[in-house]
Each structure stands twice: as structure tokens, then as C-alpha cells.
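Quick look at my_file.cif (mmCIF, C-alpha atoms):
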data_my_file
loop_
_atom_site.group_PDB
_atom_site.id
_atom_site.type_symbol
_atom_site.label_atom_id
_atom_site.label_comp_id
_atom_site.auth_asym_id
_atom_site.auth_seq_id
_atom_site.Cartn_x
_atom_site.Cartn_y
_atom_site.Cartn_z
ATOM 1 C CA MET A 228 -22.780 14.728 -1.832
ATOM 2 C CA SER A 229 -19.045 14.730 -2.561
ATOM 3 C CA ALA A 230 -17.433 12.736 -5.360
ATOM 4 C CA PRO A 231 -15.851 9.398 -4.398
ATOM 5 C CA ALA A 232 -12.194 9.604 -3.451
ATOM 6 C CA PRO A 233 -9.679 7.813 -5.732
ATOM 7 C CA GLY A 234 -9.183 5.210 -3.019
ATOM 8 C CA ASP A 235 -12.890 4.382 -3.135
ATOM 9 C CA HIS A 236 -12.644 3.635 -6.856
ATOM 10 C CA VAL A 237 -9.599 1.437 -6.247
ATOM 11 C CA GLU A 238 -11.319 -0.556 -3.514
ATOM 12 C CA ALA A 239 -14.435 -0.998 -5.641
ATOM 13 C CA LEU A 240 -12.378 -2.240 -8.584
ATOM 14 C CA ARG A 241 -10.349 -4.594 -6.377
ATOM 15 C CA ALA A 242 -13.602 -6.054 -5.067
ATOM 16 C CA ARG A 243 -14.981 -6.541 -8.586
ATOM 17 C CA ILE A 244 -11.787 -8.268 -9.695
ATOM 18 C CA ALA A 245 -11.719 -10.492 -6.609
ATOM 19 C CA ALA A 246 -15.290 -11.613 -7.349
ATOM 20 C CA CYS A 247 -14.633 -12.336 -11.037
ATOM 21 C CA THR A 248 -15.699 -15.772 -12.290
ATOM 22 C CA LEU A 249 -15.593 -14.936 -16.007
ATOM 23 C CA CYS A 250 -13.634 -18.029 -17.025
ATOM 24 C CA ALA A 251 -14.197 -20.221 -13.955
ATOM 25 C CA GLU A 252 -15.189 -23.247 -16.021
ATOM 26 C CA HIS A 253 -11.705 -23.300 -17.583
ATOM 27 C CA LEU A 254 -9.701 -23.008 -14.346
ATOM 28 C CA PRO A 255 -8.595 -26.332 -12.833
ATOM 29 C CA LEU A 256 -8.131 -24.843 -9.353
ATOM 30 C CA GLY A 257 -11.057 -22.450 -9.602
ATOM 31 C CA PRO A 258 -10.946 -18.666 -9.742
ATOM 32 C CA ARG A 259 -8.652 -16.724 -7.435
ATOM 33 C CA PRO A 260 -7.882 -13.418 -9.181
ATOM 34 C CA ILE A 261 -4.612 -11.908 -7.986
ATOM 35 C CA ALA A 262 -3.647 -8.279 -8.631
ATOM 36 C CA HIS A 263 -2.204 -5.499 -6.451
ATOM 37 C CA PHE A 264 -2.507 -1.805 -7.329
ATOM 38 C CA SER A 265 -3.411 1.623 -5.988
ATOM 39 C CA ALA A 266 -4.061 5.085 -7.380
ATOM 40 C CA THR A 267 -0.436 6.052 -6.650
ATOM 41 C CA SER A 268 1.449 3.052 -8.113
ATOM 42 C CA ARG A 269 4.090 4.582 -10.400
ATOM 43 C CA LEU A 270 5.765 1.298 -11.309
ATOM 44 C CA LEU A 271 3.463 -1.135 -13.121
ATOM 45 C CA ILE A 272 4.620 -4.715 -13.624
ATOM 46 C CA ILE A 273 2.529 -6.714 -16.083
ATOM 47 C CA GLY A 274 3.400 -10.393 -15.895
ATOM 48 C CA GLN A 275 1.816 -13.585 -17.207
ATOM 49 C CA ALA A 276 -0.441 -15.444 -14.766
ATOM 50 C CA PRO A 277 -0.128 -16.896 -11.259
ATOM 51 C CA GLY A 278 1.453 -20.312 -10.841
ATOM 52 C CA THR A 279 0.268 -22.877 -8.322
ATOM 53 C CA LYS A 280 2.354 -21.431 -5.468
ATOM 54 C CA VAL A 281 0.966 -17.940 -6.043
ATOM 55 C CA HIS A 282 -2.556 -19.345 -6.381
ATOM 56 C CA ALA A 283 -2.127 -21.030 -2.990
ATOM 57 C CA SER A 284 -0.703 -17.973 -1.198
ATOM 58 C CA GLY A 285 -2.679 -15.249 -2.963
ATOM 59 C CA VAL A 286 0.517 -13.185 -3.155
ATOM 60 C CA PRO A 287 1.750 -12.209 -6.641
ATOM 61 C CA TRP A 288 5.305 -13.200 -7.565
ATOM 62 C CA ASP A 289 5.539 -15.300 -4.382
ATOM 63 C CA ASP A 290 7.944 -17.804 -5.921
ATOM 64 C CA ASP A 291 11.448 -18.171 -7.333
ATOM 65 C CA SER A 292 10.517 -16.019 -10.333
ATOM 66 C CA GLY A 293 9.525 -13.230 -7.970
ATOM 67 C CA ASP A 294 12.828 -13.492 -6.119
ATOM 68 C CA ARG A 295 14.680 -13.221 -9.410
ATOM 69 C CA LEU A 296 12.548 -10.291 -10.599
ATOM 70 C CA ARG A 297 13.098 -8.372 -7.358
ATOM 71 C CA GLY A 298 16.827 -8.975 -7.763
ATOM 72 C CA TRP A 299 16.711 -7.613 -11.301
ATOM 73 C CA LEU A 300 14.912 -4.479 -10.103
ATOM 74 C CA GLY A 301 16.959 -3.982 -6.945
ATOM 75 C CA LEU A 302 13.795 -3.944 -4.813
ATOM 76 C CA ASP A 303 13.245 -5.461 -1.403
ATOM 77 C CA LYS A 304 9.986 -7.247 -0.628
ATOM 78 C CA ALA A 305 8.582 -4.359 1.406
ATOM 79 C CA THR A 306 8.859 -1.965 -1.555
ATOM 80 C CA PHE A 307 7.850 -4.523 -4.167
ATOM 81 C CA TYR A 308 4.658 -5.366 -2.280
ATOM 82 C CA ASP A 309 3.748 -1.777 -1.422
ATOM 83 C CA PRO A 310 0.799 -1.017 -3.743
ATOM 84 C CA ALA A 311 1.278 2.695 -3.077
ATOM 85 C CA GLN A 312 4.440 2.346 -5.176
ATOM 86 C CA VAL A 313 4.186 -0.827 -7.278
ATOM 87 C CA ALA A 314 1.219 -2.259 -9.192
ATOM 88 C CA LEU A 315 1.346 -5.997 -9.959
ATOM 89 C CA VAL A 316 -1.127 -6.783 -12.719
ATOM 90 C CA PRO A 317 -0.793 -10.030 -14.704
ATOM 91 C CA MET A 318 -2.176 -10.751 -18.141
ATOM 92 C CA GLY A 319 -4.266 -13.512 -16.584
ATOM 93 C CA PHE A 320 -5.379 -12.992 -12.996
ATOM 94 C CA CYS A 321 -5.940 -16.672 -12.134
ATOM 95 C CA TYR A 322 -3.870 -19.836 -12.410
ATOM 96 C CA PRO A 323 -4.654 -21.153 -15.916
ATOM 97 C CA GLY A 324 -3.626 -24.796 -15.460
ATOM 98 C CA LYS A 325 -0.938 -26.910 -17.072
ATOM 99 C CA ALA A 326 0.094 -27.286 -20.675
ATOM 100 C CA SER A 327 2.904 -29.204 -22.318
ATOM 101 C CA GLY A 328 6.185 -27.857 -21.009
ATOM 102 C CA GLY A 329 4.763 -25.836 -18.115
ATOM 103 C CA ASP A 330 1.796 -23.672 -17.238
ATOM 104 C CA ALA A 331 -0.878 -22.874 -19.800
ATOM 105 C CA PRO A 332 -0.954 -19.373 -21.314
ATOM 106 C CA PRO A 333 -2.852 -16.677 -19.422
ATOM 107 C CA ARG A 334 -6.592 -16.777 -20.055
ATOM 108 C CA LYS A 335 -7.476 -14.359 -22.851
ATOM 109 C CA GLU A 336 -10.524 -12.966 -21.037
ATOM 110 C CA CYS A 337 -8.662 -11.110 -18.260
ATOM 111 C CA ALA A 338 -6.745 -8.331 -19.969
ATOM 112 C CA PRO A 339 -9.669 -7.093 -22.114
ATOM 113 C CA GLN A 340 -11.976 -7.303 -19.102
ATOM 114 C CA TRP A 341 -9.835 -5.569 -16.478
ATOM 115 C CA HIS A 342 -6.673 -3.876 -17.717
ATOM 116 C CA GLU A 343 -8.236 -0.674 -19.008
ATOM 117 C CA ALA A 344 -10.046 -0.112 -15.708
ATOM 118 C CA VAL A 345 -6.926 -0.779 -13.623
ATOM 119 C CA LEU A 346 -4.601 1.295 -15.796
ATOM 120 C CA GLY A 347 -7.129 4.123 -15.794
ATOM 121 C CA LEU A 348 -6.718 4.442 -12.022
ATOM 122 C CA LEU A 349 -2.905 4.533 -12.072
ATOM 123 C CA PRO A 350 -0.864 7.734 -12.372
ATOM 124 C CA PRO A 351 -0.307 8.682 -16.029
ATOM 125 C CA GLU A 352 3.401 9.242 -15.325
ATOM 126 C CA ARG A 353 4.524 5.691 -14.712
ATOM 127 C CA LEU A 354 6.968 3.041 -15.890
ATOM 128 C CA THR A 355 5.462 -0.189 -17.207
ATOM 129 C CA LEU A 356 7.528 -3.368 -17.199
ATOM 130 C CA LEU A 357 6.236 -5.953 -19.668
ATOM 131 C CA VAL A 358 7.462 -9.240 -18.242
ATOM 132 C CA GLY A 359 7.242 -12.033 -20.781
ATOM 133 C CA THR A 360 5.933 -12.350 -24.303
ATOM 134 C CA TYR A 361 2.194 -12.201 -23.537
ATOM 135 C CA ALA A 362 2.403 -8.717 -22.020
ATOM 136 C CA GLN A 363 4.700 -7.578 -24.813
ATOM 137 C CA ALA A 364 2.331 -8.867 -27.486
ATOM 138 C CA ARG A 365 -0.530 -6.827 -26.017
ATOM 139 C CA TYR A 366 1.281 -3.575 -25.294
ATOM 140 C CA LEU A 367 3.999 -3.571 -27.975
ATOM 141 C CA PRO A 368 2.149 -5.272 -30.854
ATOM 142 C CA HIS A 369 4.234 -3.438 -33.460
ATOM 143 C CA LEU A 370 7.279 -5.395 -32.235
ATOM 144 C CA LYS A 371 5.754 -8.861 -32.536
ATOM 145 C CA ARG A 372 8.077 -9.846 -35.381
ATOM 146 C CA LEU A 373 11.139 -9.177 -33.244
ATOM 147 C CA SER A 374 12.731 -11.830 -31.059
ATOM 148 C CA LEU A 375 12.508 -11.548 -27.280
ATOM 149 C CA ALA A 376 16.165 -10.509 -27.164
ATOM 150 C CA GLU A 377 15.546 -7.764 -29.724
ATOM 151 C CA ARG A 378 12.566 -6.427 -27.737
ATOM 152 C CA VAL A 379 14.525 -6.488 -24.476
ATOM 153 C CA SER A 380 17.492 -4.723 -26.084
ATOM 154 C CA ARG A 381 15.268 -1.736 -26.999
ATOM 155 C CA PHE A 382 15.458 -0.502 -23.400
ATOM 156 C CA ASP A 383 14.903 3.219 -24.119
ATOM 157 C CA ASP A 384 13.139 2.936 -27.460
ATOM 158 C CA ASP A 385 9.618 2.143 -26.229
ATOM 159 C CA TRP A 386 9.531 4.289 -23.100
ATOM 160 C CA PRO A 387 7.553 4.225 -20.807
ATOM 161 C CA PHE A 388 7.360 0.491 -21.639
ATOM 162 C CA VAL A 389 10.284 -1.817 -20.949
ATOM 163 C CA ALA A 390 10.280 -5.408 -22.215
ATOM 164 C CA LEU A 391 11.827 -8.029 -19.950
ATOM 165 C CA PRO A 392 12.166 -11.802 -20.220
ATOM 166 C CA HIS A 393 10.075 -13.753 -17.769
ATOM 167 C CA PRO A 394 12.283 -14.429 -14.717
ATOM 168 C CA ALA A 395 11.517 -18.158 -14.585
ATOM 169 C CA TRP A 396 14.423 -20.608 -14.314
ATOM 170 C CA ARG A 397 14.737 -20.467 -18.108
ATOM 171 C CA SER A 398 15.857 -16.835 -17.824
ATOM 172 C CA ARG A 399 19.269 -18.153 -16.765
ATOM 173 C CA LEU A 400 19.623 -19.547 -20.275
ATOM 174 C CA PHE A 401 18.600 -16.175 -21.735
ATOM 175 C CA MET A 402 21.135 -14.379 -19.561
ATOM 176 C CA ALA A 403 23.903 -16.809 -20.460
ATOM 177 C CA LYS A 404 23.196 -16.368 -24.156
ATOM 178 C CA HIS A 405 22.802 -12.582 -23.897
ATOM 179 C CA PRO A 406 25.303 -11.313 -21.290
ATOM 180 C CA TRP A 407 24.495 -7.703 -22.238
ATOM 181 C CA PHE A 408 21.171 -8.062 -20.394
ATOM 182 C CA GLU A 409 22.831 -8.386 -16.997
ATOM 183 C CA ARG A 410 25.758 -6.137 -17.863
ATOM 184 C CA ASP A 411 23.972 -3.244 -19.599
ATOM 185 C CA ILE A 412 20.188 -3.417 -19.196
ATOM 186 C CA LEU A 413 19.758 -4.335 -15.527
ATOM 187 C CA PRO A 414 21.940 -1.501 -14.117
ATOM 188 C CA GLN A 415 19.968 1.036 -16.188
ATOM 189 C CA LEU A 416 16.701 -0.505 -15.094
ATOM 190 C CA ARG A 417 17.644 -0.417 -11.402
ATOM 191 C CA ARG A 418 18.614 3.261 -11.700
ATOM 192 C CA ARG A 419 15.295 4.133 -13.370
ATOM 193 C CA VAL A 420 13.269 2.191 -10.811
ATOM 194 C CA ALA A 421 15.173 3.754 -7.898
ATOM 195 C CA ALA A 422 14.665 7.260 -9.303
ATOM 196 C CA LEU A 423 10.977 6.611 -9.922
ATOM 197 C CA LEU A 424 10.260 5.234 -6.462
ATOM 198 C CA GLY A 425 12.763 7.375 -4.565
#
Target format C-alpha cells, applied to this file:
Amino acid sequence: MSAPAPGDHVEALRARIAACTLCAEHLPLGPRPIAHFSATSRLLIIGQAPGTKVHASGVPWDDDSGDRLRGWLGLDKATFYDPAQVALVPMGFCYPGKASGGDAPPRKECAPQWHEAVLGLLPPERLTLLVGTYAQARYLPHLKRLSLAERVSRFDDDWPFVALPHPAWRSRLFMAKHPWFERDILPQLRRRVAALLG
């Protein structure tokens, strides 16, 4: 009997994630884990958690934040949503509910439960975008004392990880306060992403 193909492992893991109810009792809209990946995804985007619109559609980054993120990366929707090229793996796979000032933080159960398995199936030569402070805290813990702007400004220093602000509407305030992000960081990022996926 031959060994399972990489695609078989991916499908099995996707099915396990889709069936996850680990923190169901804490989810106001119930579990609906959302993650896209394949064994060939060379760009990994680790975000926060789905919002209500993404929970409803089942499509990651299917909101204004996703439009802004795709603009930052210079990617069209077809490329962004092609799991053969791009993995979309949040810190929390389900909508976590509301908190004061917006959505609640991602559930803490998801990343320890699933990230190692997902990342173990991805190509070792990949670029990982850490979108928002929760992803940065997990994957760049040595930088936790730095401000978001300081982490984002370290574009080449933590390769193959790149820290980005979350592209919610508040990112416009970040960009206004730190014009170097749009002027200096985004052109470099688009070139790297294009070279990686080209």
C-alpha cells in the first residue's frame, strides 16, 4: 500500500478543522472554522479571527479589511484565494463575538490546536505575513515590548516573517501617522510577494 499523497493529508486536516467544536460554548454564532491552505502555499497570511461578514460567507478576508490587504499586497482576488499559492490561517478560526470597541480577541484554543499541523504541511520556503498584534505576539514573542510601528518597520529583520498592521479601518490612522509604511514598506512587500508567487 502506497503512502498517502500530500493532498490527502491536507484534505484530512481541512476536514478535522471544519469539524472542530473545541470552544463552541464560547462562540455566540456557533463554530464555523475558516482557513484556506494547501501543501504548495508559499505565502502564509496569519490574521486575527473572522468577523461576522466572514462568518456568514465562509470566505476569509471577505470584507473591507480583505480589500485593503489585497491592495497592500498587490494581489487580485483570484490569486489571493488560490490555496495553491496563498494560505489564509487566522489565529482564531471562528468568529469570537463582540467586546468593547469591536470584536473580541481570537479564541486562545485555536492556534495551539491547529497551527503546528497546518504549518507542517506548508512548504518550508515560504513568506509569513503576521497581520495584527495577536499573530505577532505568537510568532515574534521577542518583539513584544516594541510598538506596532516598530515591529512593522523591521521589514527585513525578521525574515521570513513580516509584521503588518491589521487592515481594518483604523489602519488609515496608522498610515497617516506613519507615512513610511505606504511609501517604503508596501512597495518592498509587493515586490517580494510578486517574486514569490511569480
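Of the listed residues A:Val286, A:Ala311, A:Leu300, A:Cys321, the one whose atoms come nearest to His253 (chain A) is A:Cys321, with distances taken using all atoms listed in the file.
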- the PyMOL selection byres ((chain A and resi 389) around 9) applied to the shown file, residues as a PyMOL selection string: chain A and resi 354-358+363+378-379+381-388+390-391+416
Go through region 344-376 of chain A and flag each residue having an atom no more than 9 Å from region 234-252 of chain A; for those, report the closest pair of atoms plus their distance in Å to one decimal, using all atoms listed in the file, ordered by chain and rising number, as JSON lines.
{"residue": "A:Ala344", "atom": "CA", "partner": "A:Leu240", "partner_atom": "CA", "distance": 7.8}
{"residue": "A:Val345", "atom": "CA", "partner": "A:Leu240", "partner_atom": "CA", "distance": 7.6}
{"residue": "A:Leu348", "atom": "CA", "partner": "A:Val237", "partner_atom": "CA", "distance": 7.1}
- Message: Just want the 12 Å neighbourhood of Ser292 (chain A), counted on all atoms listed in the file, with same-chain residues fewer than 2 positions away dropped. Output as an MDAnalysis selection string.
- Response: chainID A and resid 274:278 280:281 287:290 294:299 358:359 392:399
- Message: List as a list in words the protein and nucleic acid residues near Leu349 (chain A), meaning an atom at most 7 Å away when all atoms listed in the file are counted, but skip any in the same chain fewer than 3 places from it.
- Response: Ser265, Ala266, Thr267, Ser268, Val345 and Leu346 of chain A
Output C-alpha atoms of each residue in that selection to a file, as a PDB file, keeping the file's coordinate frame.
ATOM      1  CA  SER A 265      -3.411   1.623  -5.988  1.00  0.00           C
ATOM      2  CA  ALA A 266      -4.061   5.085  -7.380  1.00  0.00           C
ATOM      3  CA  THR A 267      -0.436   6.052  -6.650  1.00  0.00           C
ATOM      4  CA  SER A 268       1.449   3.052  -8.113  1.00  0.00           C
ATOM      5  CA  VAL A 345      -6.926  -0.779 -13.623  1.00  0.00           C
ATOM      6  CA  LEU A 346      -4.601   1.295 -15.796  1.00  0.00           C
TER       7      LEU A 346
END
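In terms of minimum interatomic distance to His282 (chain A), A:Pro255 ranks closest within A:Pro351, A:Pro332, A:Gly301, A:Pro255, counting all atoms listed in the file.
Selection check: the PyMOL selection byres ((chain A and resi 313) around 7) on the shown file gives Phe264, Ser268, Arg269, Leu270, Leu271, Phe307, Tyr308, Asp309, Pro310, Ala311, Gln312, Ala314 and Leu315 of chain A.
Residue nearest Ile273 (chain A), chosen from A:Tyr322, A:Tyr361, A:Phe401, A:Trp407 and counting only C-alpha atoms: A:Tyr361.
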- Item | Best match for closeness to Arg365 (chain A) among A:Leu423, A:Leu254, A:Ala338, A:Leu302, counting all atoms listed in the file | A:Ala338
Can you tell me, as JSON, the centre and edge lengths (Å, one decimal) of the axis-aligned box enclosing all of region 374-381 of chain A's listed atoms after padding each side by 6 Å?
{"center_x": 15.0, "center_y": -6.8, "center_z": -27.8, "size_x": 17.0, "size_y": 22.1, "size_z": 18.6}
